[in-house]
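One file, final-v3.txt, carrying compact mmCIF, C-alpha atoms:
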```txt
# COMPACT_ATOMS: atom_id res chain seq x y z
CA MET Y 1 -102.03 246.98 -52.85
CA THR Y 2 -104.69 248.38 -55.17
CA LYS Y 3 -107.69 246.14 -55.38
CA ARG Y 4 -108.25 244.24 -58.61
CA ILE Y 5 -111.30 242.54 -60.06
CA ILE Y 6 -110.68 238.94 -61.11
CA LEU Y 7 -113.31 237.33 -63.31
CA CYS Y 8 -113.10 233.62 -64.11
CA ILE Y 9 -115.04 232.54 -67.16
CA GLY Y 10 -115.45 228.79 -67.64
CA THR Y 11 -116.28 227.97 -71.24
CA LYS Y 12 -116.68 225.02 -73.56
CA LYS Y 13 -113.11 225.62 -74.76
CA GLY Y 14 -111.27 226.30 -71.52
CA LEU Y 15 -110.97 228.85 -68.73
CA PHE Y 16 -110.51 232.56 -69.37
CA VAL Y 17 -109.50 235.06 -66.72
CA ALA Y 18 -110.35 238.73 -67.07
CA GLU Y 19 -108.79 241.35 -64.83
CA ALA Y 20 -109.71 244.97 -64.21
CA SER Y 21 -109.07 247.77 -61.80
CA LYS Y 22 -111.67 248.50 -59.15
CA ALA Y 23 -113.26 251.03 -61.52
CA ARG Y 24 -114.19 248.08 -63.80
CA ARG Y 25 -113.80 250.20 -66.91
CA LYS Y 26 -111.57 247.90 -68.96
CA PHE Y 27 -111.07 244.16 -68.54
CA GLU Y 28 -107.93 242.47 -69.86
CA LEU Y 29 -108.58 238.89 -70.96
CA ARG Y 30 -106.13 236.00 -70.75
CA GLY Y 31 -106.48 232.35 -71.62
CA PRO Y 32 -107.84 229.94 -72.51
CA PHE Y 33 -106.27 227.74 -69.86
CA GLY Y 34 -106.92 224.01 -70.10
CA SER Y 35 -107.21 224.84 -73.73
CA GLY Y 36 -110.02 223.20 -75.64
CA VAL Y 37 -111.52 221.52 -72.59
CA ALA Y 38 -114.87 222.43 -71.02
CA VAL Y 39 -114.82 224.17 -67.64
CA TYR Y 40 -118.00 223.96 -65.58
CA ALA Y 41 -116.73 225.03 -62.15
CA ALA Y 42 -114.36 227.66 -60.84
CA LEU Y 43 -113.46 228.87 -57.38
CA ILE Y 44 -111.60 232.02 -56.47
CA ASP Y 45 -110.39 231.03 -53.03
CA MET Y 46 -109.87 234.13 -50.92
CA ARG Y 47 -108.46 232.39 -47.85
CA GLY Y 48 -104.94 233.78 -47.53
CA THR Y 49 -103.18 234.44 -50.82
CA PRO Y 50 -105.93 234.20 -53.43
CA ARG Y 51 -105.92 230.98 -55.42
CA ILE Y 52 -108.01 229.93 -58.36
CA PHE Y 53 -109.28 226.41 -58.88
CA ALA Y 54 -111.15 225.24 -61.95
CA SER Y 55 -112.45 221.97 -63.24
CA SER Y 56 -111.30 220.81 -66.65
CA CYS Y 57 -113.58 218.17 -68.13
CA ASN Y 58 -111.52 216.55 -70.85
CA ALA Y 59 -113.73 214.46 -73.11
CA PHE Y 60 -110.70 212.40 -74.06
CA PHE Y 61 -108.61 212.01 -70.94
CA GLY Y 62 -111.02 212.56 -68.05
CA MET Y 63 -111.26 215.06 -65.23
CA LYS Y 64 -108.52 217.38 -64.09
CA VAL Y 65 -108.48 220.17 -61.51
CA LEU Y 66 -106.56 223.30 -62.48
CA HIS Y 67 -104.88 225.46 -59.86
CA SER Y 68 -103.34 228.94 -60.03
CA THR Y 69 -101.50 230.87 -57.34
CA ASP Y 70 -100.88 234.01 -59.40
CA LEU Y 71 -104.44 235.18 -60.06
CA GLY Y 72 -104.80 233.16 -63.19
CA LYS Y 73 -101.68 234.04 -65.11
CA LYS Y 74 -100.72 230.39 -65.27
CA PHE Y 75 -102.33 227.15 -64.14
CA LYS Y 76 -101.10 223.70 -63.17
CA GLU Y 77 -103.05 220.50 -62.63
CA THR Y 78 -103.40 219.34 -59.07
CA ASN Y 79 -101.98 215.89 -58.38
CA SER Y 80 -105.34 214.22 -58.82
CA ALA Y 81 -109.00 214.81 -59.54
CA PRO Y 82 -111.93 213.31 -57.64
CA ALA Y 83 -112.62 209.69 -58.56
CA PHE Y 84 -115.02 207.04 -57.33
CA PRO Y 85 -113.60 204.05 -55.48
CA LYS Y 86 -112.74 201.27 -57.90
CA ASP Y 87 -115.48 198.95 -56.68
CA ASP Y 88 -118.18 201.64 -56.81
CA GLY Y 89 -119.15 201.09 -60.44
CA ARG Y 90 -119.59 204.79 -61.23
CA ALA Y 91 -117.15 206.88 -63.23
CA LEU Y 92 -116.74 210.62 -62.83
CA ALA Y 93 -118.17 212.49 -65.80
CA ASN Y 94 -117.80 216.11 -64.75
CA ILE Y 95 -117.15 218.55 -61.92
CA TRP Y 96 -119.93 221.06 -61.36
CA SER Y 97 -118.96 222.87 -58.17
CA LEU Y 98 -115.85 223.73 -56.21
CA GLU Y 99 -116.15 225.39 -52.81
CA ALA Y 100 -113.82 226.31 -49.98
CA GLY Y 101 -113.91 224.25 -46.80
CA ASP Y 102 -113.06 225.19 -43.22
CA ASN Y 103 -109.30 224.88 -43.22
CA LYS Y 104 -107.11 226.71 -45.68
CA LYS Y 105 -106.49 223.66 -47.84
CA ASP Y 106 -109.98 222.14 -47.53
CA LEU Y 107 -111.99 221.97 -50.73
CA TRP Y 108 -115.42 220.56 -51.51
CA CYS Y 109 -116.36 219.34 -54.94
CA GLY Y 110 -119.75 218.46 -56.42
CA ALA Y 111 -119.57 216.08 -59.33
CA GLU Y 112 -121.48 214.20 -62.01
CA PRO Y 113 -122.91 211.63 -61.48
CA ALA Y 114 -124.19 213.45 -58.41
CA SER Y 115 -121.68 212.93 -55.64
CA LEU Y 116 -119.60 214.92 -53.21
CA PHE Y 117 -115.84 214.83 -52.68
CA ARG Y 118 -113.55 216.58 -50.21
CA SER Y 119 -109.87 217.41 -50.29
CA SER Y 120 -107.78 218.42 -47.30
CA ASP Y 121 -104.62 219.19 -49.27
CA GLY Y 122 -105.64 221.82 -51.79
CA GLY Y 123 -106.97 219.41 -54.39
CA ASP Y 124 -104.03 217.01 -54.59
CA SER Y 125 -106.07 214.12 -53.20
CA TRP Y 126 -109.81 213.60 -52.80
CA GLU Y 127 -112.16 211.43 -50.77
CA MET Y 128 -115.75 210.67 -51.65
CA VAL Y 129 -118.30 211.75 -49.02
CA PRO Y 130 -120.43 208.65 -48.54
CA GLY Y 131 -123.25 210.36 -46.61
CA ILE Y 132 -124.59 211.84 -49.84
CA SER Y 133 -122.71 209.99 -52.58
CA ASN Y 134 -124.00 206.65 -51.29
CA HIS Y 135 -127.29 208.04 -49.96
CA GLU Y 136 -130.16 205.58 -50.24
CA HIS Y 137 -131.71 207.89 -52.86
CA ALA Y 138 -128.55 208.26 -54.96
CA ARG Y 139 -129.22 205.43 -57.39
CA GLN Y 140 -132.76 206.75 -57.93
CA TRP Y 141 -131.71 210.25 -59.02
CA GLN Y 142 -132.07 210.85 -62.74
CA PRO Y 143 -130.03 213.06 -65.05
CA GLY Y 144 -131.52 216.23 -66.46
CA ASN Y 145 -130.39 217.69 -69.76
CA GLY Y 146 -127.10 218.79 -68.20
CA GLY Y 147 -126.41 215.40 -66.66
CA LEU Y 148 -126.92 214.14 -63.11
CA CYS Y 149 -125.02 216.88 -61.41
CA MET Y 150 -124.33 218.19 -57.91
CA HIS Y 151 -124.05 221.86 -58.76
CA THR Y 152 -124.56 223.67 -55.48
CA ILE Y 153 -122.65 223.38 -52.21
CA LEU Y 154 -123.58 225.96 -49.57
CA ARG Y 155 -122.04 225.78 -46.13
CA ASP Y 156 -123.43 227.50 -43.04
CA GLY Y 157 -121.67 226.33 -39.91
CA ASN Y 158 -122.53 222.69 -39.44
CA ARG Y 159 -125.21 222.89 -42.11
CA VAL Y 160 -124.43 221.90 -45.67
CA HIS Y 161 -126.94 222.46 -48.46
CA LEU Y 162 -126.56 220.57 -51.71
CA GLY Y 163 -128.41 221.15 -54.97
CA ILE Y 164 -128.75 218.18 -57.29
CA SER Y 165 -130.32 218.04 -60.72
CA THR Y 166 -132.32 215.97 -60.66
CA GLY Y 167 -132.24 214.96 -57.03
CA GLY Y 168 -133.44 218.05 -55.23
CA HIS Y 169 -132.15 219.83 -52.14
CA TYR Y 170 -130.30 217.83 -49.51
CA LEU Y 171 -129.41 219.14 -46.08
CA SER Y 172 -126.80 218.05 -43.59
CA GLU Y 173 -126.88 219.40 -40.07
CA ASP Y 174 -123.82 217.51 -38.88
CA GLY Y 175 -121.11 219.05 -41.00
CA GLY Y 176 -121.65 216.88 -44.03
CA ASN Y 177 -121.63 213.41 -42.53
CA THR Y 178 -125.28 212.61 -43.07
CA PHE Y 179 -127.83 214.18 -45.41
CA SER Y 180 -131.62 214.24 -45.71
CA ALA Y 181 -133.81 215.29 -48.60
CA ALA Y 182 -135.34 218.67 -47.68
CA ASN Y 183 -137.79 219.51 -50.44
CA LYS Y 184 -141.08 220.35 -48.74
CA GLY Y 185 -142.67 222.88 -51.09
CA VAL Y 186 -140.23 222.22 -53.93
CA GLY Y 187 -142.33 221.14 -56.88
CA ALA Y 188 -141.64 219.01 -59.91
CA GLY Y 189 -143.52 219.21 -63.18
CA PHE Y 190 -142.18 216.04 -64.74
CA VAL Y 191 -143.44 213.33 -62.37
CA PRO Y 192 -147.02 212.52 -61.33
CA ASP Y 193 -146.48 213.59 -57.70
CA PRO Y 194 -146.23 217.40 -57.82
CA TYR Y 195 -144.27 217.53 -54.57
CA PRO Y 196 -142.12 214.39 -54.32
CA GLU Y 197 -139.82 213.71 -51.40
CA PHE Y 198 -136.83 214.02 -53.74
CA GLY Y 199 -135.99 214.03 -57.44
CA GLN Y 200 -136.70 217.70 -58.17
CA CYS Y 201 -134.71 219.43 -60.89
CA VAL Y 202 -133.14 222.12 -58.72
CA HIS Y 203 -131.19 224.54 -60.89
CA LYS Y 204 -129.38 226.67 -58.28
CA ILE Y 205 -129.57 227.66 -54.61
CA ALA Y 206 -128.21 230.87 -53.09
CA SER Y 207 -127.90 232.31 -49.59
CA HIS Y 208 -126.56 235.31 -47.70
CA PRO Y 209 -124.51 235.18 -44.50
CA ASP Y 210 -126.54 237.99 -42.89
CA ALA Y 211 -129.80 236.07 -43.20
CA PRO Y 212 -129.25 232.76 -41.46
CA GLY Y 213 -131.81 230.20 -42.44
CA ARG Y 214 -132.88 231.98 -45.58
CA LEU Y 215 -132.27 230.36 -48.96
CA TYR Y 216 -133.36 231.23 -52.47
CA MET Y 217 -133.83 228.57 -55.12
CA GLN Y 218 -134.18 228.61 -58.88
CA ASN Y 219 -136.01 225.37 -59.52
CA HIS Y 220 -137.06 223.92 -62.86
CA GLY Y 221 -140.24 225.88 -63.45
CA GLY Y 222 -142.14 226.75 -66.57
CA TRP Y 223 -144.89 224.17 -66.10
CA GLU Y 224 -148.33 225.35 -67.22
CA ASP Y 225 -150.07 222.83 -65.01
CA ARG Y 226 -147.90 223.57 -61.97
CA PRO Y 227 -147.22 227.29 -62.03
CA GLY Y 228 -144.96 229.11 -59.64
CA ILE Y 229 -142.72 226.25 -58.58
CA GLY Y 230 -139.66 227.71 -60.32
CA VAL Y 231 -138.52 230.44 -57.93
CA LEU Y 232 -138.64 229.63 -54.24
CA ARG Y 233 -137.56 230.81 -50.83
CA SER Y 234 -136.95 229.09 -47.52
CA ASP Y 235 -136.71 230.76 -44.12
CA ASP Y 236 -136.00 227.67 -42.06
CA HIS Y 237 -132.68 226.41 -43.40
CA GLY Y 238 -134.33 224.69 -46.33
CA HIS Y 239 -136.74 222.48 -44.43
CA THR Y 240 -139.71 224.15 -46.15
CA TRP Y 241 -139.98 226.29 -49.28
CA ARG Y 242 -142.55 228.69 -50.75
CA SER Y 243 -142.99 230.28 -54.14
CA ILE Y 244 -141.76 233.81 -54.77
CA ALA Y 245 -142.31 233.64 -58.52
CA GLU Y 246 -145.30 235.99 -58.73
CA GLY Y 247 -144.49 238.99 -60.88
CA LEU Y 248 -141.86 237.30 -63.03
CA PRO Y 249 -142.44 236.83 -66.77
CA SER Y 250 -141.41 233.18 -66.42
CA ASP Y 251 -140.47 231.04 -63.47
CA PHE Y 252 -138.01 229.10 -65.60
CA GLY Y 253 -134.37 230.03 -65.35
CA PHE Y 254 -131.03 228.73 -64.22
CA PRO Y 255 -129.01 231.10 -61.99
CA ILE Y 256 -130.09 232.90 -58.82
CA VAL Y 257 -127.82 235.42 -57.13
CA VAL Y 258 -128.08 237.41 -53.88
CA HIS Y 259 -126.80 240.96 -53.44
CA PRO Y 260 -123.62 240.94 -51.34
CA HIS Y 261 -124.81 243.68 -48.95
CA ASP Y 262 -128.54 243.04 -48.78
CA PRO Y 263 -130.07 239.61 -48.26
CA ASP Y 264 -133.46 240.94 -49.43
CA THR Y 265 -132.11 241.72 -52.90
CA VAL Y 266 -132.05 238.75 -55.24
CA TYR Y 267 -131.57 238.42 -58.98
CA VAL Y 268 -132.87 235.89 -61.50
CA MET Y 269 -132.75 235.65 -65.29
CA PRO Y 270 -136.11 234.33 -66.50
CA HIS Y 271 -136.08 232.26 -69.67
CA GLU Y 272 -138.91 230.92 -71.79
CA PRO Y 273 -139.46 227.32 -70.74
CA MET Y 274 -139.57 225.94 -74.28
CA THR Y 275 -136.54 227.70 -75.74
CA ARG Y 276 -134.53 228.18 -72.53
CA ALA Y 277 -133.81 231.65 -73.91
CA CYS Y 278 -134.72 235.28 -73.21
CA PRO Y 279 -138.50 235.82 -73.30
CA GLY Y 280 -139.49 237.37 -76.60
CA GLY Y 281 -135.87 237.72 -77.61
CA SER Y 282 -135.54 240.62 -75.17
CA PRO Y 283 -133.02 239.90 -72.38
CA ALA Y 284 -133.61 241.13 -68.86
CA VAL Y 285 -132.39 240.37 -65.39
CA TRP Y 286 -135.12 240.62 -62.79
CA ARG Y 287 -134.44 241.95 -59.31
CA SER Y 288 -136.40 241.74 -56.12
CA GLU Y 289 -135.49 244.11 -53.29
CA SER Y 290 -138.05 242.57 -50.98
CA GLY Y 291 -136.90 239.00 -50.71
CA GLY Y 292 -139.08 237.93 -53.60
CA GLU Y 293 -142.32 239.75 -52.72
CA SER Y 294 -142.11 241.84 -55.90
CA TRP Y 295 -139.83 242.03 -58.92
CA SER Y 296 -138.55 244.70 -61.28
CA ARG Y 297 -137.07 244.34 -64.75
CA LEU Y 298 -133.47 245.44 -65.41
CA ALA Y 299 -132.77 245.73 -69.13
CA LYS Y 300 -131.02 249.04 -69.74
CA GLY Y 301 -128.26 248.36 -72.24
CA PHE Y 302 -129.52 245.00 -73.49
CA PRO Y 303 -130.83 244.46 -77.03
CA LYS Y 304 -134.55 245.11 -77.14
CA LYS Y 305 -135.23 242.27 -79.60
CA GLU Y 306 -133.72 239.37 -81.57
CA SER Y 307 -131.59 238.14 -78.70
CA PHE Y 308 -132.19 234.53 -77.76
CA PHE Y 309 -129.27 233.57 -75.57
CA THR Y 310 -129.28 231.27 -72.56
CA VAL Y 311 -127.59 231.87 -69.20
CA LEU Y 312 -126.68 228.64 -67.44
CA ARG Y 313 -126.91 227.92 -63.72
CA ASP Y 314 -123.42 228.98 -62.71
CA ALA Y 315 -122.97 231.69 -65.31
CA MET Y 316 -124.08 234.66 -63.19
CA ASP Y 317 -122.25 236.23 -60.25
CA ILE Y 318 -121.98 239.56 -58.44
CA ASP Y 319 -118.96 241.34 -57.01
CA ASP Y 320 -118.87 242.79 -53.51
CA LEU Y 321 -117.78 246.36 -54.13
CA LYS Y 322 -119.83 249.12 -52.49
CA SER Y 323 -121.95 249.44 -55.62
CA PRO Y 324 -121.70 245.89 -56.88
CA ALA Y 325 -121.81 244.82 -60.50
CA LEU Y 326 -123.48 241.69 -61.82
CA TYR Y 327 -121.82 239.57 -64.45
CA PHE Y 328 -123.27 236.85 -66.62
CA GLY Y 329 -122.10 234.75 -69.53
CA THR Y 330 -124.23 233.31 -72.29
CA THR Y 331 -124.18 230.11 -74.28
CA THR Y 332 -123.52 232.32 -77.29
CA GLY Y 333 -120.23 233.47 -75.75
CA GLN Y 334 -121.14 236.95 -74.55
CA LEU Y 335 -120.00 238.24 -71.17
CA TRP Y 336 -122.20 241.02 -69.82
CA ILE Y 337 -121.63 243.37 -66.88
CA GLY Y 338 -124.48 245.07 -65.06
CA ARG Y 339 -123.02 248.04 -63.24
CA ASP Y 340 -124.75 249.70 -60.28
CA GLY Y 341 -126.43 246.51 -59.20
CA GLY Y 342 -127.68 245.69 -62.68
CA GLU Y 343 -129.06 249.14 -63.56
CA GLN Y 344 -126.83 249.56 -66.61
CA TRP Y 345 -125.66 246.70 -68.79
CA SER Y 346 -122.86 246.46 -71.32
CA CYS Y 347 -121.14 243.62 -73.12
CA LEU Y 348 -117.53 243.08 -72.02
CA PHE Y 349 -116.70 240.29 -74.47
CA ASP Y 350 -118.93 239.23 -77.32
CA SER Y 351 -117.22 236.29 -79.00
CA LEU Y 352 -116.04 233.85 -76.36
CA PRO Y 353 -116.86 230.15 -76.57
CA PRO Y 354 -120.16 229.08 -74.96
CA ILE Y 355 -119.97 230.06 -71.29
CA ASN Y 356 -120.71 227.56 -68.52
CA CYS Y 357 -119.69 229.44 -65.39
CA VAL Y 358 -118.69 232.89 -64.19
CA LYS Y 359 -117.00 233.66 -60.87
CA ILE Y 360 -115.95 237.08 -59.66
CA ALA Y 361 -113.78 238.26 -56.79
CA VAL Y 362 -112.24 241.51 -55.61
CA VAL Y 363 -108.68 240.71 -54.58
CA MET H 364 -93.07 188.35 -73.17
CA THR H 365 -93.10 192.10 -73.61
CA VAL H 366 -95.12 194.51 -75.70
CA THR H 367 -94.76 198.20 -76.44
CA ILE H 368 -97.28 200.84 -75.36
CA GLN H 369 -97.14 203.99 -77.43
CA ILE H 370 -98.11 207.07 -75.45
CA PRO H 371 -99.79 209.93 -77.36
CA ALA H 372 -98.06 213.27 -77.29
CA THR H 373 -100.82 214.81 -75.17
CA LEU H 374 -100.05 212.42 -72.31
CA ARG H 375 -96.27 212.36 -72.49
CA ALA H 376 -96.00 215.15 -69.96
CA TYR H 377 -97.31 212.65 -67.40
CA CYS H 378 -94.40 210.29 -68.16
CA HIS H 379 -91.43 211.49 -66.19
CA ALA H 380 -89.00 210.72 -69.00
CA ALA H 381 -91.38 212.21 -71.57
CA THR H 382 -91.03 208.90 -73.33
CA ALA H 383 -93.23 208.00 -76.26
CA GLU H 384 -92.97 204.25 -75.67
CA LEU H 385 -93.14 201.96 -72.68
CA ILE H 386 -92.06 198.33 -72.73
CA VAL H 387 -94.18 196.16 -70.44
CA PRO H 388 -94.73 192.45 -69.86
CA ALA H 389 -98.32 191.56 -70.81
CA ALA H 390 -100.40 188.72 -72.26
CA THR H 391 -103.55 190.77 -72.89
CA VAL H 392 -104.50 194.39 -73.38
CA ARG H 393 -105.88 194.37 -69.85
CA ASP H 394 -102.51 193.17 -68.52
CA ALA H 395 -100.75 195.93 -70.41
CA LEU H 396 -103.04 198.61 -69.03
CA GLU H 397 -102.59 197.24 -65.52
CA GLN H 398 -98.86 197.58 -65.98
CA LEU H 399 -99.44 201.13 -67.13
CA GLU H 400 -101.50 201.80 -64.01
CA GLN H 401 -98.65 200.57 -61.82
CA SER H 402 -95.88 202.48 -63.55
CA HIS H 403 -97.69 205.63 -64.70
CA PRO H 404 -100.98 206.03 -62.80
CA THR H 405 -101.75 209.48 -64.17
CA VAL H 406 -101.40 208.25 -67.74
CA TYR H 407 -103.59 205.27 -66.90
CA GLN H 408 -106.27 207.50 -65.36
CA SER H 409 -106.30 209.51 -68.57
CA VAL H 410 -106.91 206.36 -70.60
CA CYS H 411 -109.29 204.41 -68.34
CA ASP H 412 -111.97 205.53 -65.91
CA GLU H 413 -112.49 204.30 -62.35
CA THR H 414 -114.38 201.23 -63.55
CA GLY H 415 -111.42 200.12 -65.65
CA ALA H 416 -113.16 200.88 -68.93
CA VAL H 417 -111.26 202.65 -71.69
CA ARG H 418 -112.59 206.19 -71.85
CA ARG H 419 -115.24 206.89 -74.47
CA HIS H 420 -113.09 209.10 -76.67
CA ILE H 421 -109.94 207.01 -76.45
CA HIS H 422 -109.16 204.25 -78.91
CA VAL H 423 -106.68 201.48 -78.22
CA PHE H 424 -105.15 199.56 -81.11
CA VAL H 425 -103.04 196.41 -81.14
CA ASN H 426 -100.74 196.95 -84.07
CA ASN H 427 -103.34 198.23 -86.57
CA ALA H 428 -106.40 196.50 -85.11
CA PHE H 429 -108.96 198.35 -83.00
CA ILE H 430 -109.42 196.29 -79.81
CA HIS H 431 -113.22 196.58 -80.04
CA ASP H 432 -112.98 194.64 -83.31
CA ARG H 433 -111.17 191.88 -81.45
CA ASP H 434 -111.76 190.90 -77.83
CA GLY H 435 -111.65 194.32 -76.21
CA LEU H 436 -109.53 194.40 -73.07
CA ASP H 437 -109.17 190.63 -73.27
CA THR H 438 -107.47 190.79 -76.65
CA ALA H 439 -104.47 188.47 -76.54
CA LEU H 440 -101.05 189.93 -77.22
CA ALA H 441 -97.99 188.41 -78.83
CA ALA H 442 -94.40 189.29 -78.12
CA GLY H 443 -93.45 192.50 -79.86
CA ASP H 444 -97.03 193.74 -80.33
CA VAL H 445 -97.52 197.47 -80.23
CA LEU H 446 -100.42 199.04 -78.32
CA SER H 447 -101.29 202.48 -79.59
CA ILE H 448 -103.38 204.82 -77.43
CA MET H 449 -105.08 207.35 -79.69
CA PRO H 450 -107.55 210.16 -79.06
CA ALA H 451 -110.67 209.46 -81.11
CA VAL H 452 -111.86 211.75 -83.86
CA SER H 453 -114.46 213.84 -82.07
CA GLY H 454 -115.09 217.36 -80.97
CA GLY H 455 -116.80 220.49 -82.11
```

Kindly return the structure encoded in the file as structure tokens.
Amino acid sequence: MTKRIILCIGTKKGLFVAEASKARRKFELRGPFGSGVAVYAALIDMRGTPRIFASSCNAFFGMKVLHSTDLGKKFKETNSAPAFPKDDGRALANIWSLEAGDNKKDLWCGAEPASLFRSSDGGDSWEMVPGISNHEHARQWQPGNGGLCMHTILRDGNRVHLGISTGGHYLSEDGGNTFSAANKGVGAGFVPDPYPEFGQCVHKIASHPDAPGRLYMQNHGGWEDRPGIGVLRSDDHGHTWRSIAEGLPSDFGFPIVVHPHDPDTVYVMPHEPMTRACPGGSPAVWRSESGGESWSRLAKGFPKKESFFTVLRDAMDIDDLKSPALYFGTTTGQLWIGRDGGEQWSCLFDSLPPINCVKIAVV
Amino acid sequence: MTVTIQIPATLRAYCHAATAELIVPAATVRDALEQLEQSHPTVYQSVCDETGAVRRHIHVFVNNAFIHDRDGLDTALAAGDVLSIMPAVSGG
């Protein structure tokens, strides 16, 4: 069967799915699914027949998980969404991450308030993971502007990395049973201690399967008094981190994405710390081809001025074709594609609702 | 003693009979919602969160009275009362 590009776009008003041939010339848009309801997380699950999962955060009626088995032509709700035990005292406010587990029907879900849930039946039932959800630090984490969210789940064998805003980076080395804060070198500009044990406002963490132990982090940077803490790298499974922000116009940003075929190539989207928007009104994605040692600006095709959009933490992704394309969505409802690894940008859709997340897969 | 729970159109898909009204025995609003949880858990979960609180953007009325203007979930019910579950006016 001819390969197709499937692009899931989670917005403030529901989930859109765009589909294109491998040439990526023209994308057909369908949706919104979960109409009118914000979608912060999507997963294109490539284990077996591709399935799409998406969160649907209904301000009226609570959380739902949407599920499609036909590449996003239609969606149904799973039988249940994650929920805290009745005696816990917390109530689920949002779902920020959905990731595939080991077995075909295993799913992992990061939620708000920051907590982790797992499903072993394709999202029809969920169990809270106490090792992190009831961690001794959990009641000390504080919400950032987006809420107290667990937005990143990265799995690497028995290691599980979690990103929490604001909680920091937590690492499990026993398959997700127990977790420890692993934030040595991860700074914070909003508490007196510049390098606290936990509580950092981590925005996103990314990794590459060909570089075991290496992680990239977009942290909450943009602090005049504590420069360089916004873009970080670890080479020891997240136990220690170091700045790779030198050369960027700002170390504030939300997403961080790694090239699918080269673990040394990493992309960020610097924003001005005060406006959380493109520096000088001139959008650019910045790329390092040296694991963060140096950076270059990619802006061909973007407006040169008067463009002040914001790209949120999960709103940038990259496909895995031979010459991959980057995709990002903006809070002003534009969906951009950066062909040839971000060398040439064009706007695919310019009037969608505000975009929270973008996920791409070649199926 | 029974009361009637009116289900909003948005949630009727979760009622197997697509019914707009449920008749339940209840002495308080809390009793009525517990009955709803037993008979239609998905509807209940759409109305109340895990702590048992009515969701922020849901309003529950007894006849024409907003329960927050009375005794909240402990509002006493009389035979024949009608509980209306309404989405609040909000959005943007």

Between Y:His135, Y:Arg4, Y:Lys86, Y:Arg339, which is the closest to Gly415 (chain H) once you count all atoms listed in the file?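 Checking each of Y:His135, Y:Arg4, Y:Lys86, Y:Arg339 against Gly415 (chain H), counting all atoms listed in the file, the winner is Y:Lys86.
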
Need to verify the contact set: Gly48 (chain Y), 12 Å, all atoms listed in the file, exclusion of same-chain residues closer than 5 positions in sequence. Can you return it as a PDB file with C-alpha atoms, keeping the file's coordinate frame?
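See out38.pdb below for the written result:
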```
ATOM      1  CA  THR Y  69    -101.500 230.870 -57.340  1.00  0.00           C
ATOM      2  CA  ALA Y 100    -113.820 226.310 -49.980  1.00  0.00           C
ATOM      3  CA  ASN Y 103    -109.300 224.880 -43.220  1.00  0.00           C
ATOM      4  CA  LYS Y 104    -107.110 226.710 -45.680  1.00  0.00           C
ATOM      5  CA  LYS Y 105    -106.490 223.660 -47.840  1.00  0.00           C
ATOM      6  CA  VAL Y 363    -108.680 240.710 -54.580  1.00  0.00           C
TER       7      VAL Y 363
END
```

Contact set, chain Y to chain H: 7 Å, only C-alpha atoms, as a ChimeraX atom specification: /Y:59-62,83-86,89-91

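Restricting the calculation to only C-alpha atoms, the smallest distance between Asp106 (chain Y) and any of Y:Gly122, Y:Gly338, Y:Pro303, Y:Pro270 is found for Y:Gly122.
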
Residues at most 10 Å from Val366 (chain H), counting only C-alpha atoms, excluding those fewer than 4 positions away in the same chain, as number ranges by chain? H: 384-392, 395, 425, 440-446

Name the residues, using the chain letters and numbers of the file, that sit within 8 Å of (-123.9, 220.3, -45.8) when counting all atoms listed in the file, and give them as a ChimeraX atom specification. /Y:153-156,158-162,170-177,179

Counting all atoms listed in the file, find the residues whose atoms lie at most 12 Å from (-135.0, 242.9, -55.6) (file coordinates) and write them out as number ranges by chain. Y: 244, 247-248, 256-259, 262-268, 285-298, 341-343

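When CA of Gly131 (chain Y) is paired with CA of Phe117 (chain Y), their separation reads 10.6 Å.
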
Gap from CA of Asn183 (chain Y) to CA of Pro143 (chain Y) - Å, one decimal: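 Distance between the two atoms: 17.8 Å.
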
When you look at Arg393 (chain H) with a cut-off of 8 Å (counting all atoms listed in the file), what residues show up, excluding the ones that are within fewer than 2 positions of it in the same chain? I need them as a tab-separated table (two decimals) with C-alpha atoms, in the frame of the given file.
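The resulting around_32.tsv:
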```tsv
chain	number	residue	atom	x	y	z
H	391	THR	CA	-103.55	190.77	-72.89
H	395	ALA	CA	-100.75	195.93	-70.41
H	396	LEU	CA	-103.04	198.61	-69.03
H	397	GLU	CA	-102.59	197.24	-65.52
H	436	LEU	CA	-109.53	194.40	-73.07
H	437	ASP	CA	-109.17	190.63	-73.27
H	438	THR	CA	-107.47	190.79	-76.65
```

Distance query region 126-130 of chain Y at most 6 Å, all atoms listed in the file, self and fewer than 4 positions along chain excluded, as number ranges by chain: Y: 82, 116-119, 134

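The spacing separating CA of Gly10 (chain Y) from CA of Gly144 (chain Y) amounts to 20.4 Å.
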
For region 439-443 of chain H, which lacks atoms in the input, supply N, CA and C atoms and format the output as a tab-separated table (two decimals), in the frame of the given file.
```tsv
chain	number	residue	atom	x	y	z
H	439	ALA	N	-105.78	189.09	-76.83
H	439	ALA	CA	-104.47	188.47	-76.54
H	439	ALA	C	-103.35	189.20	-77.27
H	440	LEU	N	-102.22	189.26	-76.64
H	440	LEU	CA	-101.05	189.93	-77.22
H	440	LEU	C	-99.96	188.91	-77.51
H	441	ALA	N	-99.16	189.23	-78.52
H	441	ALA	CA	-97.99	188.41	-78.83
H	441	ALA	C	-96.74	189.25	-78.59
H	442	ALA	N	-95.66	188.57	-78.37
H	442	ALA	CA	-94.40	189.29	-78.12
H	442	ALA	C	-94.14	190.29	-79.25
H	443	GLY	N	-93.78	191.48	-78.87
H	443	GLY	CA	-93.45	192.50	-79.86
H	443	GLY	C	-94.63	193.31	-80.36
```
